[in-house]
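Structure first, commentary second.
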Amino acid sequence: MAKRDFYEVLGVAKNASEDEIKKAYRKLAMKYHPDRNPDSKESEEKFKEVKEAYEMLTNPEKRDAYDRYGHAGVDPNMGGGGGFGGAGGFGDAFGDIFGDIFGGGRGRSSGPQVYRGADLRYNLEITLEQAAHGFDTTIRVPSWDKCDTCSGTGAKPGTSPVTCSTCAGHGQVRMQQGFFSIQQTCPKCHGTGKIIPEPCAACSGQGRIKRNKTLEVKIPVGIDNGMRIRSSGNGEPGTNGGPSGDLYVEIHIKPHAVFQREGDDLHCEMPISFAKAALGGEIEVPTLNGKVAFTVPEGTQSGKTFRLKGKGIKGVRSGFAGDLFCHVAVETPVKLTDKQKELLRDFEKSTTEGGAKHSPQTKTWRDKVKDFFE
Ligand SMILES: [Zn+2]
Ligand SMILES: [Zn+2]
């Protein structure tokens, strides 16, 4: 279900004052309050919706982010496909209702520029087996904590940030260029609206400190090289209350000693002996799930490809298993003993006496050469 516009939910105008928002909220909260509508699922939903809209629009930072980016700017679950997140049940949603209504609210400023944090990319190298079977892993990624020394202000303890004089705290300046008036991010405060005269030494005035955190990543069955898994909100933090960026885990599959992957199919080279190729018989073929027996027919030529259906990789999108293609390479025997050589000479003599029927390829080739020279 698409999320309704917060202003529409409360029935107020986009430029509504905080008082108007509170008034509208109070009216609707009374109307849909669970005490007045016991057992009404619809009222409960409406109540939650109204409460969320109220919370967003009375928080100046969140209202700013919402005005700029819509729901994506304020809902950390938006990217993940979820609705209103949070594990809280009923009590969680209603606990502070009266505190919200009667407590003192903060005034809404025409505040500084809100920026979404940058996306991050993490390169994860995995084996072909891990890609084929899927697995859970943990990765260490950067995260940012509020600086304890300055409580996140970025100012040296005992000092505080001051309003930027260039933009009067708006974070934006107007430049006149010919006929046009262009709004630009303030070059002095870089959009924050504040100047820190004495930066905190612990965080260099950033207000936050980079640390590492462990993140669990689920690698789905069949993931392929170059695919990316998004971890919503685990990128760099936003500026001035803007939403965090996302973290992308990019998959790199290491080359495999036996198999080459092509989409969901696998290919492997399968050396077999000269006698096995001639006589036919059972061979063991490797797959990602262990060895399987396979019967090569009599008279198998080098270069012949056998297809083992369903022995490839289960596609991450299709959900169907690909095939395994075995490319036969007939191996010429080496380091023969005198006895073996003798046997082969006898063998060669007997096939030559048998005529062209034992080696149709050689005959065809000879005919071509003959045609070419005559
Ligand atoms: Zn600090
Ligand atoms: Zn400024």
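Just remember, in the structure tokens the first chain shown is A, the second B, etc., residues are 1-based per chain, and ligands are 1-based in the order shown.
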Inset, instruction - Kindly compile the residues surrounding ligand 1 within 10 Å, counting only C-alpha atoms and all ligand atoms, and format them as JSON, numbers by chain. - result: {"A": [146, 147, 148, 149, 150, 151, 152, 153, 154, 155, 156, 157, 199, 200, 201, 202, 203, 204, 205, 206, 207, 208, 209]}
Go ahead and dump the residues you just picked, all heavy atoms, as a tab-separated table (two decimals), in the first residue's frame.
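Final file, result.tsv:
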chain	number	residue	atom	x	y	z
A	146	LYS	N	28.16	9.30	17.54
A	146	LYS	CA	28.19	10.68	18.03
A	146	LYS	C	29.43	10.84	18.90
A	146	LYS	O	29.75	9.99	19.73
A	146	LYS	CB	26.92	10.96	18.83
A	146	LYS	CG	26.68	12.42	19.09
A	146	LYS	CD	25.26	12.66	19.48
A	146	LYS	CE	25.16	12.70	21.00
A	146	LYS	NZ	23.80	13.04	21.45
A	147	CYS	N	30.16	11.94	18.71
A	147	CYS	CA	31.38	12.18	19.50
A	147	CYS	C	31.01	12.46	20.95
A	147	CYS	O	30.20	13.33	21.25
A	147	CYS	CB	32.13	13.37	18.90
A	147	CYS	SG	33.54	13.87	19.88
A	148	ASP	N	31.62	11.67	21.85
A	148	ASP	CA	31.31	11.84	23.28
A	148	ASP	C	31.88	13.14	23.83
A	148	ASP	O	31.28	13.78	24.68
A	148	ASP	CB	31.92	10.68	24.09
A	148	ASP	CG	31.18	9.38	23.82
A	148	ASP	OD1	29.98	9.47	23.47
A	148	ASP	OD2	31.79	8.30	23.96
A	149	THR	N	33.05	13.52	23.34
A	149	THR	CA	33.73	14.70	23.87
A	149	THR	C	32.89	15.96	23.71
A	149	THR	O	32.78	16.77	24.62
A	149	THR	CB	35.10	14.87	23.18
A	149	THR	OG1	35.78	13.61	23.22
A	149	THR	CG2	35.94	15.92	23.85
A	150	CYS	N	32.26	16.10	22.54
A	150	CYS	CA	31.51	17.35	22.28
A	150	CYS	C	30.01	17.09	22.19
A	150	CYS	O	29.25	17.97	21.82
A	150	CYS	CB	32.00	17.98	20.98
A	150	CYS	SG	31.75	16.94	19.55
A	151	SER	N	29.58	15.91	22.53
A	151	SER	CA	28.17	15.52	22.44
A	151	SER	C	27.60	15.75	21.05
A	151	SER	O	26.42	16.07	20.89
A	151	SER	CB	27.31	16.27	23.46
A	151	SER	OG	27.88	16.16	24.72
A	152	GLY	N	28.44	15.64	20.05
A	152	GLY	CA	27.95	15.72	18.68
A	152	GLY	C	27.88	17.12	18.10
A	152	GLY	O	27.51	17.29	16.96
A	153	THR	N	28.24	18.13	18.89
A	153	THR	CA	28.14	19.50	18.36
A	153	THR	C	29.32	19.85	17.47
A	153	THR	O	29.23	20.73	16.63
A	153	THR	CB	28.10	20.54	19.50
A	153	THR	OG1	29.33	20.44	20.25
A	153	THR	CG2	26.93	20.30	20.44
A	154	GLY	N	30.46	19.17	17.66
A	154	GLY	CA	31.66	19.48	16.90
A	154	GLY	C	32.48	20.61	17.51
A	154	GLY	O	33.57	20.92	17.04
A	155	ALA	N	31.94	21.23	18.55
A	155	ALA	CA	32.64	22.36	19.19
A	155	ALA	C	33.43	21.88	20.40
A	155	ALA	O	33.01	20.96	21.10
A	155	ALA	CB	31.64	23.42	19.61
A	156	LYS	N	34.57	22.48	20.61
A	156	LYS	CA	35.42	22.17	21.76
A	156	LYS	C	34.60	22.36	23.03
A	156	LYS	O	33.86	23.35	23.15
A	156	LYS	CB	36.61	23.14	21.74
A	156	LYS	CG	37.69	22.85	22.74
A	156	LYS	CD	38.85	23.78	22.47
A	156	LYS	CE	39.73	23.92	23.70
A	156	LYS	NZ	40.76	24.95	23.48
A	157	PRO	N	34.71	21.42	23.99
A	157	PRO	CA	33.90	21.55	25.21
A	157	PRO	C	34.08	22.93	25.85
A	157	PRO	O	35.19	23.44	25.95
A	157	PRO	CB	34.45	20.44	26.11
A	157	PRO	CG	35.00	19.42	25.18
A	157	PRO	CD	35.53	20.19	24.01
A	199	PRO	N	36.99	24.00	17.00
A	199	PRO	CA	36.54	22.61	16.78
A	199	PRO	C	36.99	21.67	17.91
A	199	PRO	O	38.03	21.89	18.51
A	199	PRO	CB	37.19	22.21	15.47
A	199	PRO	CG	37.73	23.45	14.87
A	199	PRO	CD	37.94	24.43	15.98
A	200	CYS	N	36.16	20.71	18.15
A	200	CYS	CA	36.49	19.65	19.12
A	200	CYS	C	37.69	18.87	18.60
A	200	CYS	O	37.74	18.51	17.43
A	200	CYS	CB	35.27	18.74	19.27
A	200	CYS	SG	35.61	17.17	20.04
A	201	ALA	N	38.67	18.64	19.48
A	201	ALA	CA	39.89	17.96	19.05
A	201	ALA	C	39.66	16.49	18.76
A	201	ALA	O	40.27	15.90	17.87
A	201	ALA	CB	40.97	18.11	20.12
A	202	ALA	N	38.73	15.90	19.48
A	202	ALA	CA	38.51	14.45	19.34
A	202	ALA	C	37.94	14.08	17.98
A	202	ALA	O	38.24	13.02	17.43
A	202	ALA	CB	37.59	13.97	20.46
A	203	CYS	N	37.09	14.95	17.42
A	203	CYS	CA	36.40	14.59	16.16
A	203	CYS	C	36.72	15.58	15.05
A	203	CYS	O	36.08	15.55	14.01
A	203	CYS	CB	34.90	14.50	16.39
A	203	CYS	SG	34.18	16.06	16.88
A	204	SER	N	37.67	16.49	15.28
A	204	SER	CA	38.03	17.54	14.31
A	204	SER	C	36.82	18.35	13.89
A	204	SER	O	36.70	18.75	12.73
A	204	SER	CB	38.70	16.95	13.07
A	204	SER	OG	39.62	15.96	13.43
A	205	GLY	N	35.87	18.53	14.79
A	205	GLY	CA	34.72	19.36	14.50
A	205	GLY	C	33.62	18.66	13.72
A	205	GLY	O	32.63	19.27	13.34
A	206	GLN	N	33.78	17.36	13.47
A	206	GLN	CA	32.77	16.62	12.70
A	206	GLN	C	31.55	16.27	13.54
A	206	GLN	O	30.47	16.02	13.02
A	206	GLN	CB	33.36	15.32	12.15
A	206	GLN	CG	34.50	15.50	11.17
A	206	GLN	CD	34.04	16.14	9.88
A	206	GLN	OE1	33.16	15.61	9.21
A	206	GLN	NE2	34.59	17.29	9.56
A	207	GLY	N	31.73	16.20	14.86
A	207	GLY	CA	30.61	15.85	15.74
A	207	GLY	C	30.37	14.35	15.79
A	207	GLY	O	29.53	13.86	16.53
A	208	ARG	N	31.14	13.61	14.97
A	208	ARG	CA	30.98	12.16	14.99
A	208	ARG	C	32.33	11.50	14.75
A	208	ARG	O	33.24	12.11	14.17
A	208	ARG	CB	29.97	11.71	13.94
A	208	ARG	CG	30.35	12.14	12.55
A	208	ARG	CD	29.17	12.04	11.62
A	208	ARG	NE	29.58	12.35	10.26
A	208	ARG	CZ	28.78	12.89	9.37
A	208	ARG	NH1	27.53	13.16	9.68
A	208	ARG	NH2	29.19	13.13	8.15
A	209	ILE	N	32.43	10.31	15.22
A	209	ILE	CA	33.69	9.58	15.13
A	209	ILE	C	33.47	8.29	14.37
A	209	ILE	O	32.48	7.57	14.59
A	209	ILE	CB	34.24	9.30	16.55
A	209	ILE	CG1	34.74	10.63	17.15
A	209	ILE	CG2	35.36	8.27	16.52
A	209	ILE	CD1	35.29	10.51	18.53
Inset, instruction - Would you mind listing the residues within 7 Å of ligand 2, counting only C-alpha atoms and all ligand atoms, as an NGL selection string? - result: :A and (164-172 or 186-194)
Inset, instruction - Provide the atom CA of Thr138 of chain A to atom CA of Glu250 of chain A distance in Å, to one decimal place. - result: 13.9 Å
Legend entry - Residue with smallest distance to Leu288 of chain A - pool A:Thr127, A:Ser43, A:Gln177, A:Thr332, counting only C-alpha atoms: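 Smallest separation from Leu288 of chain A among the options: A:Thr127.
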Inset, instruction - Write out as a PyMOL selection string which residues come within 12 Å of Pro286 of chain A when counting only C-alpha atoms, dropping same-chain ones fewer than 5 positions away. - result: chain A and resi 257-259+266-271+291-294+308+311-312+324-326
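Nearest residue to Gln130 of chain A, choosing from A:Gly355, A:Pro220, A:Gly178, A:Gly290 and counting only C-alpha atoms: A:Pro220.
The coordinates place atom CA of Ile139 of chain A at 5.3 Å from atom CA of Leu215 of chain A.
Using only C-alpha atoms, the nearest neighbour of Leu57 of chain A within the list A:Arg140, A:Arg36, A:Lys14, A:Lys339 is A:Lys14.
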Inset, instruction - Mind the document's chain letters and residue numbers, and return as a ChimeraX atom specification the residues of segment 115-292 of chain A that DSSP labels strand (DSSP E or B). - result: /A:115,120-126,135-146,155,162-163,172-177,180-185,194-195,199,208-219,228-231,239,247-253,260-262,265-273,281-287,290-292
Legend entry - Which residue of A:Phe320, A:Tyr122, A:Phe179, A:Phe306 approaches Met227 of chain A most closely, using only C-alpha atoms: A:Tyr122
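Residue neighbourhood of His133 of chain A, excluding near-sequence residues (fewer than 6 positions): Ile126, Thr127, Lys218, Ile219, Pro220, Val221, Gly222, Ile223, Asp224, Leu288, Asn289, Gly312, Ile313, Lys314, Gly315, Val316 and Ala321 of chain A, at 12 Å, using only C-alpha atoms.
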